[in-house]
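Everything below belongs to start35.cif, which stores mmCIF, C-alpha atoms.
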data_protein
#
loop_
_atom_site.group_PDB
_atom_site.id
_atom_site.type_symbol
_atom_site.label_atom_id
_atom_site.label_comp_id
_atom_site.auth_asym_id
_atom_site.auth_seq_id
_atom_site.Cartn_x
_atom_site.Cartn_y
_atom_site.Cartn_z
ATOM 1 C CA MET A 1415 49.549 -117.192 -28.414
ATOM 2 C CA TYR A 1416 49.194 -118.153 -24.754
ATOM 3 C CA ASP A 1417 49.897 -121.872 -25.069
ATOM 4 C CA GLU A 1418 53.059 -121.804 -22.955
ATOM 5 C CA ARG A 1419 51.445 -119.697 -20.212
ATOM 6 C CA LEU A 1420 48.438 -122.008 -20.170
ATOM 7 C CA ALA A 1421 50.695 -125.060 -19.944
ATOM 8 C CA GLU A 1422 52.649 -123.442 -17.101
ATOM 9 C CA PHE A 1423 49.414 -122.559 -15.274
ATOM 10 C CA SER A 1424 48.216 -126.141 -15.697
ATOM 11 C CA ARG A 1425 51.475 -127.555 -14.300
ATOM 12 C CA GLU A 1426 51.618 -125.125 -11.388
ATOM 13 C CA ARG A 1427 47.944 -125.001 -10.375
ATOM 14 C CA LEU A 1428 46.368 -128.231 -11.668
ATOM 15 C CA ASP A 1429 49.260 -130.725 -11.574
ATOM 16 C CA GLY A 1430 49.282 -130.798 -15.375
ATOM 17 C CA ARG A 1431 45.591 -131.601 -15.813
ATOM 18 C CA PRO A 1432 43.816 -130.087 -18.843
ATOM 19 C CA ILE A 1433 42.532 -126.572 -18.262
ATOM 20 C CA PRO A 1434 38.720 -126.445 -18.431
ATOM 21 C CA ASP A 1435 37.368 -124.367 -21.335
ATOM 22 C CA ASP A 1436 35.851 -121.615 -19.203
ATOM 23 C CA LEU A 1437 39.041 -121.259 -17.157
ATOM 24 C CA ARG A 1438 41.045 -120.943 -20.396
ATOM 25 C CA VAL A 1439 38.794 -118.081 -21.579
ATOM 26 C CA LEU A 1440 39.033 -116.325 -18.204
ATOM 27 C CA LEU A 1441 42.818 -116.666 -17.996
ATOM 28 C CA VAL A 1442 43.418 -115.344 -21.499
ATOM 29 C CA ALA A 1443 41.094 -112.403 -20.817
ATOM 30 C CA GLN A 1444 43.080 -111.496 -17.694
ATOM 31 C CA TRP A 1445 46.409 -111.820 -19.529
ATOM 32 C CA GLU A 1446 45.066 -109.588 -22.312
ATOM 33 C CA GLY A 1447 44.202 -106.952 -19.713
ATOM 34 C CA ARG A 1448 40.439 -107.323 -20.064
ATOM 35 C CA THR A 1449 38.637 -106.519 -16.808
ATOM 36 C CA ASP A 1450 35.065 -107.383 -17.816
ATOM 37 C CA PHE A 1451 35.109 -110.964 -16.512
ATOM 38 C CA ALA A 1452 37.027 -110.001 -13.368
ATOM 39 C CA ARG A 1453 34.427 -107.334 -12.639
ATOM 40 C CA LEU A 1454 31.495 -109.699 -13.145
ATOM 41 C CA LEU A 1455 32.938 -112.723 -11.347
ATOM 42 C CA ASP A 1456 35.285 -111.086 -8.814
ATOM 43 C CA LEU A 1457 38.269 -113.175 -9.909
ATOM 44 C CA ASP A 1458 41.976 -112.424 -10.015
ATOM 45 C CA PHE A 1459 43.947 -115.438 -11.251
ATOM 46 C CA PHE A 1460 47.253 -116.388 -9.685
ATOM 47 C CA GLU A 1461 50.398 -115.397 -11.515
ATOM 48 C CA ALA A 1462 53.290 -117.815 -11.958
ATOM 49 C CA GLY A 1463 55.157 -118.456 -8.736
ATOM 50 C CA GLU A 1464 52.466 -117.213 -6.337
ATOM 51 C CA VAL A 1465 52.371 -119.416 -3.262
ATOM 52 C CA HIS A 1466 49.351 -121.667 -2.751
ATOM 53 C CA PRO A 1467 47.392 -120.151 0.169
ATOM 54 C CA LEU A 1468 47.481 -123.467 2.058
ATOM 55 C CA LEU A 1469 51.292 -123.465 1.848
ATOM 56 C CA ASP A 1470 51.834 -119.799 2.660
ATOM 57 C CA THR A 1471 53.249 -119.333 6.167
ATOM 58 C CA SER A 1472 54.850 -115.937 5.497
ATOM 59 C CA TYR A 1473 52.299 -114.182 7.700
ATOM 60 C CA LEU A 1474 53.285 -116.230 10.771
ATOM 61 C CA SER A 1475 55.879 -115.088 13.296
ATOM 62 C CA GLU A 1476 58.853 -117.281 14.246
ATOM 63 C CA LYS A 1477 57.135 -117.996 17.549
ATOM 64 C CA GLU A 1478 53.965 -119.126 15.759
ATOM 65 C CA LEU A 1479 55.966 -121.283 13.330
ATOM 66 C CA ALA A 1480 57.667 -122.989 16.284
ATOM 67 C CA ASP A 1481 54.366 -123.715 18.047
ATOM 68 C CA PRO A 1482 53.565 -127.464 17.788
ATOM 69 C CA GLU A 1483 49.834 -126.821 17.335
ATOM 70 C CA MET A 1484 50.563 -124.503 14.408
ATOM 71 C CA GLN A 1485 53.027 -127.024 12.991
ATOM 72 C CA ALA A 1486 50.274 -129.649 13.006
ATOM 73 C CA VAL A 1487 47.886 -127.299 11.195
ATOM 74 C CA ASN A 1488 50.538 -126.317 8.637
ATOM 75 C CA ALA A 1489 51.437 -129.962 7.956
ATOM 76 C CA ALA A 1490 47.763 -130.824 7.456
ATOM 77 C CA ALA A 1491 47.291 -127.797 5.189
ATOM 78 C CA ALA A 1492 50.255 -128.896 3.076
ATOM 79 C CA GLN A 1493 48.622 -132.295 2.607
ATOM 80 C CA MET A 1494 45.316 -130.627 1.684
ATOM 81 C CA ALA A 1495 47.097 -128.596 -1.026
ATOM 82 C CA GLN A 1496 47.453 -131.873 -2.952
ATOM 83 C CA TYR A 1497 43.675 -131.914 -3.436
ATOM 84 C CA VAL A 1498 42.622 -128.240 -3.211
ATOM 85 C CA LYS A 1499 43.671 -126.735 -6.534
ATOM 86 C CA LEU A 1500 43.113 -123.022 -6.090
ATOM 87 C CA VAL A 1501 43.373 -120.930 -9.238
ATOM 88 C CA ALA A 1502 42.232 -117.427 -8.284
ATOM 89 C CA LYS A 1503 41.629 -114.907 -5.571
ATOM 90 C CA GLY A 1504 37.945 -114.143 -5.332
ATOM 91 C CA GLY A 1505 34.825 -114.450 -3.270
ATOM 92 C CA ASN A 1506 35.745 -114.634 0.399
ATOM 93 C CA GLY A 1507 39.315 -115.754 -0.253
ATOM 94 C CA TRP A 1508 40.325 -118.134 -3.051
ATOM 95 C CA VAL A 1509 38.509 -120.406 -5.512
ATOM 96 C CA GLY A 1510 39.381 -123.512 -7.459
ATOM 97 C CA TYR A 1511 38.749 -127.227 -7.663
ATOM 98 C CA TRP A 1512 38.486 -130.105 -5.190
ATOM 99 C CA LEU A 1513 40.426 -132.944 -6.847
ATOM 100 C CA HIS A 1514 40.558 -135.614 -4.170
ATOM 101 C CA PRO A 1515 41.044 -139.147 -5.575
ATOM 102 C CA GLY A 1516 38.026 -140.303 -3.549
ATOM 103 C CA GLU A 1517 35.710 -138.204 -5.732
ATOM 104 C CA PRO A 1518 33.975 -139.990 -8.651
ATOM 105 C CA ALA A 1519 36.182 -139.908 -11.752
ATOM 106 C CA ASP A 1520 33.171 -139.697 -14.087
ATOM 107 C CA ARG A 1521 32.013 -136.382 -12.622
ATOM 108 C CA VAL A 1522 33.093 -132.832 -13.462
ATOM 109 C CA TRP A 1523 35.490 -131.343 -10.951
ATOM 110 C CA HIS A 1524 33.894 -130.093 -7.747
ATOM 111 C CA LEU A 1525 34.312 -126.392 -7.140
ATOM 112 C CA ILE A 1526 35.734 -125.174 -3.843
ATOM 113 C CA GLU A 1527 36.286 -121.907 -2.035
ATOM 114 C CA LEU A 1528 38.741 -121.398 0.793
ATOM 115 C CA ASP A 1529 38.123 -118.377 2.963
ATOM 116 C CA THR A 1530 40.688 -116.377 4.907
ATOM 117 C CA GLU A 1531 39.826 -118.333 8.082
ATOM 118 C CA PHE A 1532 40.775 -121.589 6.289
ATOM 119 C CA THR A 1533 37.197 -122.786 6.012
ATOM 120 C CA PHE A 1534 36.256 -124.759 2.898
ATOM 121 C CA TRP A 1535 33.030 -124.022 1.010
ATOM 122 C CA GLY A 1536 31.444 -125.760 -1.942
ATOM 123 C CA LEU A 1537 30.264 -123.732 -4.921
ATOM 124 C CA ALA A 1538 27.241 -124.716 -6.994
ATOM 125 C CA GLY A 1539 27.789 -125.191 -10.697
ATOM 126 C CA ARG A 1540 29.607 -127.426 -13.147
ATOM 127 C CA THR A 1541 32.214 -124.839 -14.167
ATOM 128 C CA LEU A 1542 34.230 -122.192 -12.364
ATOM 129 C CA ALA A 1543 32.343 -119.475 -14.252
ATOM 130 C CA GLU A 1544 28.972 -120.926 -13.173
ATOM 131 C CA GLY A 1545 30.072 -121.279 -9.560
ATOM 132 C CA CYS A 1546 31.430 -117.758 -9.344
ATOM 133 C CA ALA A 1547 28.380 -116.297 -11.107
ATOM 134 C CA ALA A 1548 26.132 -118.096 -8.609
ATOM 135 C CA GLU A 1549 28.151 -116.614 -5.734
ATOM 136 C CA ARG A 1550 28.191 -113.128 -7.252
ATOM 137 C CA ALA A 1551 24.416 -113.248 -7.818
ATOM 138 C CA ARG A 1552 23.874 -112.535 -4.132
ATOM 139 C CA TYR A 1553 25.833 -109.264 -4.379
ATOM 140 C CA GLN A 1554 23.973 -107.704 -7.321
ATOM 141 C CA ASP A 1555 21.489 -104.840 -7.231
ATOM 142 C CA GLU A 1556 18.755 -107.337 -8.091
ATOM 143 C CA PRO A 1557 17.541 -108.824 -4.768
ATOM 144 C CA ASP A 1558 16.240 -112.055 -6.331
ATOM 145 C CA ARG A 1559 19.297 -114.306 -6.674
ATOM 146 C CA ARG A 1560 17.694 -116.275 -9.500
ATOM 147 C CA ILE A 1561 17.101 -113.196 -11.620
ATOM 148 C CA ALA A 1562 20.553 -111.807 -10.765
ATOM 149 C CA PHE A 1563 22.171 -115.081 -11.876
ATOM 150 C CA THR A 1564 20.241 -115.037 -15.178
ATOM 151 C CA GLN A 1565 21.381 -111.432 -15.748
ATOM 152 C CA LEU A 1566 24.997 -112.339 -15.030
ATOM 153 C CA ALA A 1567 24.748 -115.357 -17.340
ATOM 154 C CA ALA A 1568 23.443 -113.098 -20.136
ATOM 155 C CA GLU A 1569 26.309 -110.617 -19.617
ATOM 156 C CA LEU A 1570 28.873 -113.423 -19.667
ATOM 157 C CA ALA A 1571 27.356 -114.822 -22.877
ATOM 158 C CA GLU A 1572 27.576 -111.374 -24.513
ATOM 159 C CA LEU A 1573 31.283 -111.350 -23.636
ATOM 160 C CA GLY A 1574 31.821 -114.756 -25.224
ATOM 161 C CA LEU A 1575 31.521 -117.017 -22.199
ATOM 162 C CA PRO A 1576 28.113 -118.697 -22.315
ATOM 163 C CA LEU A 1577 27.251 -120.750 -19.250
ATOM 164 C CA SER A 1578 25.888 -124.239 -19.812
ATOM 165 C CA ASN A 1579 23.124 -123.394 -17.365
ATOM 166 C CA GLN A 1580 21.252 -120.114 -16.986
ATOM 167 C CA ASP A 1581 18.810 -121.434 -14.381
ATOM 168 C CA TYR A 1582 20.015 -120.795 -10.827
ATOM 169 C CA ASP A 1583 17.771 -123.513 -9.372
ATOM 170 C CA ALA A 1584 19.181 -126.130 -11.774
ATOM 171 C CA LEU A 1585 22.847 -125.562 -10.869
ATOM 172 C CA ASP A 1586 24.759 -128.714 -9.970
ATOM 173 C CA ASP A 1587 25.084 -128.704 -6.185
ATOM 174 C CA ALA A 1588 26.212 -132.287 -5.561
ATOM 175 C CA GLU A 1589 27.795 -133.051 -2.213
ATOM 176 C CA TYR A 1590 31.457 -133.919 -1.917
ATOM 177 C CA THR A 1591 32.185 -137.627 -1.543
ATOM 178 C CA VAL A 1592 35.187 -136.704 0.624
ATOM 179 C CA ASP A 1593 34.351 -133.649 2.721
ATOM 180 C CA PRO A 1594 37.294 -131.175 2.724
ATOM 181 C CA GLU A 1595 36.471 -129.795 6.191
ATOM 182 C CA GLU A 1596 36.361 -133.262 7.720
ATOM 183 C CA LEU A 1597 39.547 -134.335 5.965
ATOM 184 C CA MET A 1598 41.364 -131.219 7.224
ATOM 185 C CA LYS A 1599 40.278 -132.062 10.780
ATOM 186 C CA GLU A 1600 41.402 -135.698 10.414
ATOM 187 C CA LEU A 1601 44.782 -134.689 8.973
ATOM 188 C CA THR A 1602 45.324 -132.099 11.691
ATOM 189 C CA GLU A 1603 44.527 -134.657 14.401
ATOM 190 C CA ALA A 1604 46.923 -137.155 12.807
ATOM 191 C CA GLU A 1605 49.656 -134.506 12.762
ATOM 192 C CA ARG A 1606 48.917 -133.575 16.384
ATOM 193 C CA GLU A 1607 49.300 -137.239 17.318
ATOM 194 C CA LYS A 1608 52.648 -137.468 15.492
ATOM 195 C CA LEU A 1609 53.830 -134.484 17.541
ATOM 196 C CA GLY A 1610 52.605 -136.027 20.796
ATOM 197 C CA LEU A 1611 49.861 -133.430 21.307
ATOM 198 C CA ARG A 1612 47.066 -135.930 21.982
#
Output the structure of this file as structure tokens.
Amino acid sequence: MYDERLAEFSRERLDGRPIPDDLRVLLVAQWEGRTDFARLLDLDFFEAGEVHPLLDTSYLSEKELADPEMQAVNAAAAQMAQYVKLVAKGGNGWVGYWLHPGEPADRVWHLIELDTEFTFWGLAGRTLAEGCAAERARYQDEPDRRIAFTQLAAELAELGLPLSNQDYDALDDAEYTVDPEELMKELTEAEREKLGLR
């Protein structure tokens, strides 16, 4: 029923890569108007045509757009958008996948969060649902993050989205091979040099 929308989402947000199973479930739930997953995971998936946050300059004034320093940052951000595949608004900004070619091909996709200050954060977990549940665990009524995560995992399973891991301490938290923050700095410096700002 949603095959064409899923294919369009894949082309627009993941450069045509296959949509992970948990993301497929979450997208279809949002398109069906279900709010249960959005409430639990604090996710609002992008609609077709929404601008990638790293490419969005609509909030900048003409003066800011003309500033060489800002031009360097915007050029670097545009390059980063090749690797930062954001799929939803949530958390402290946006969430998605870090798909840099320098990351091991035999590993599940790294999760990434971009906040409104353009800072990159890694999320623990092997799936978007796991990563977002781990993040949301800190905002639950239950003060123990481990227990809160287990409770969230049980609620998600009841809704038809079982997590592969219900143990907070066992969540995959592997480091990036290519650090997004460092790469953004390197790209910005390279753009500054092109503009004669160094």
Identify the residues within 12 Å of coordinate (42.8, -114.9, -20.6) (same frame as the file), considering only C-alpha atoms, and give the answer as a PyMOL selection string.
chain A and resi 1415-1417+1419-1420+1423+1433+1435-1452+1457-1461+1574-1575
Counting only C-alpha atoms, figure out which residue out of A:Asp1456, A:Asp1587, A:Glu1464, A:Glu1478 gets nearest to Ile1526 in chain A.
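Under the stated criterion, the closest residue is A:Asp1587.
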Compile the contact shell of Tyr1511 in chain A as a PyMOL selection string: residues with an atom at most 12 Å away, counting all atoms listed in the file, same-chain residues fewer than 5 positions apart removed.
chain A and resi 1427-1429+1431+1433-1434+1437+1494-1502+1517+1522-1528+1534-1542+1545+1590+1594
Using the chain letters and numbers from the file, give me the residues hit by the PyMOL selection byres ((chain A and resi 1485) around 12), as a PyMOL selection string.
chain A and resi 1469+1471+1474+1476-1484+1486-1492+1601-1611
Please indicate the distance in Å from CA of Ser1578 in chain A to CA of Glu1544 in chain A, rounded to one decimal place.
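Between these atoms lies a distance of 8.0 Å.
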Kindly give the distance, in Å, that separates CA of Pro1557 in chain A and CA of Gln1580 in chain A, rounded to a single decimal.
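Interatomic distance, CA of Pro1557 in chain A to CA of Gln1580 in chain A: 17.0 Å.
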Rounded to one decimal, what separation in Å do you get between CA of Leu1455 in chain A and CA of Ala1571 in chain A?
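Interatomic distance here is 13.0 Å.
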To box range 1584-1601 of chain A, take all atoms listed in the file, fit an axis-aligned box, add 4 Å on each side, and give centre and edge lengths in Å to one decimal, as lines of an AutoDock Vina configuration file.
center_x = 32.0
center_y = -131.6
center_z = -0.5
size_x = 33.6
size_y = 20.1
size_z = 30.6
Nearest to Gly1507 in chain A, chosen from A:Tyr1473, A:Leu1573, A:His1466, A:Ala1543, with all atoms listed in the file counted in the distances
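Closest candidate: A:His1466.
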Residue with smallest distance to Leu1566 in chain A - pool A:Leu1585, A:Pro1515, A:Arg1552, A:Leu1454, counting only C-alpha atoms
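The shortest atom-to-atom distance to Leu1566 in chain A comes from A:Leu1454.
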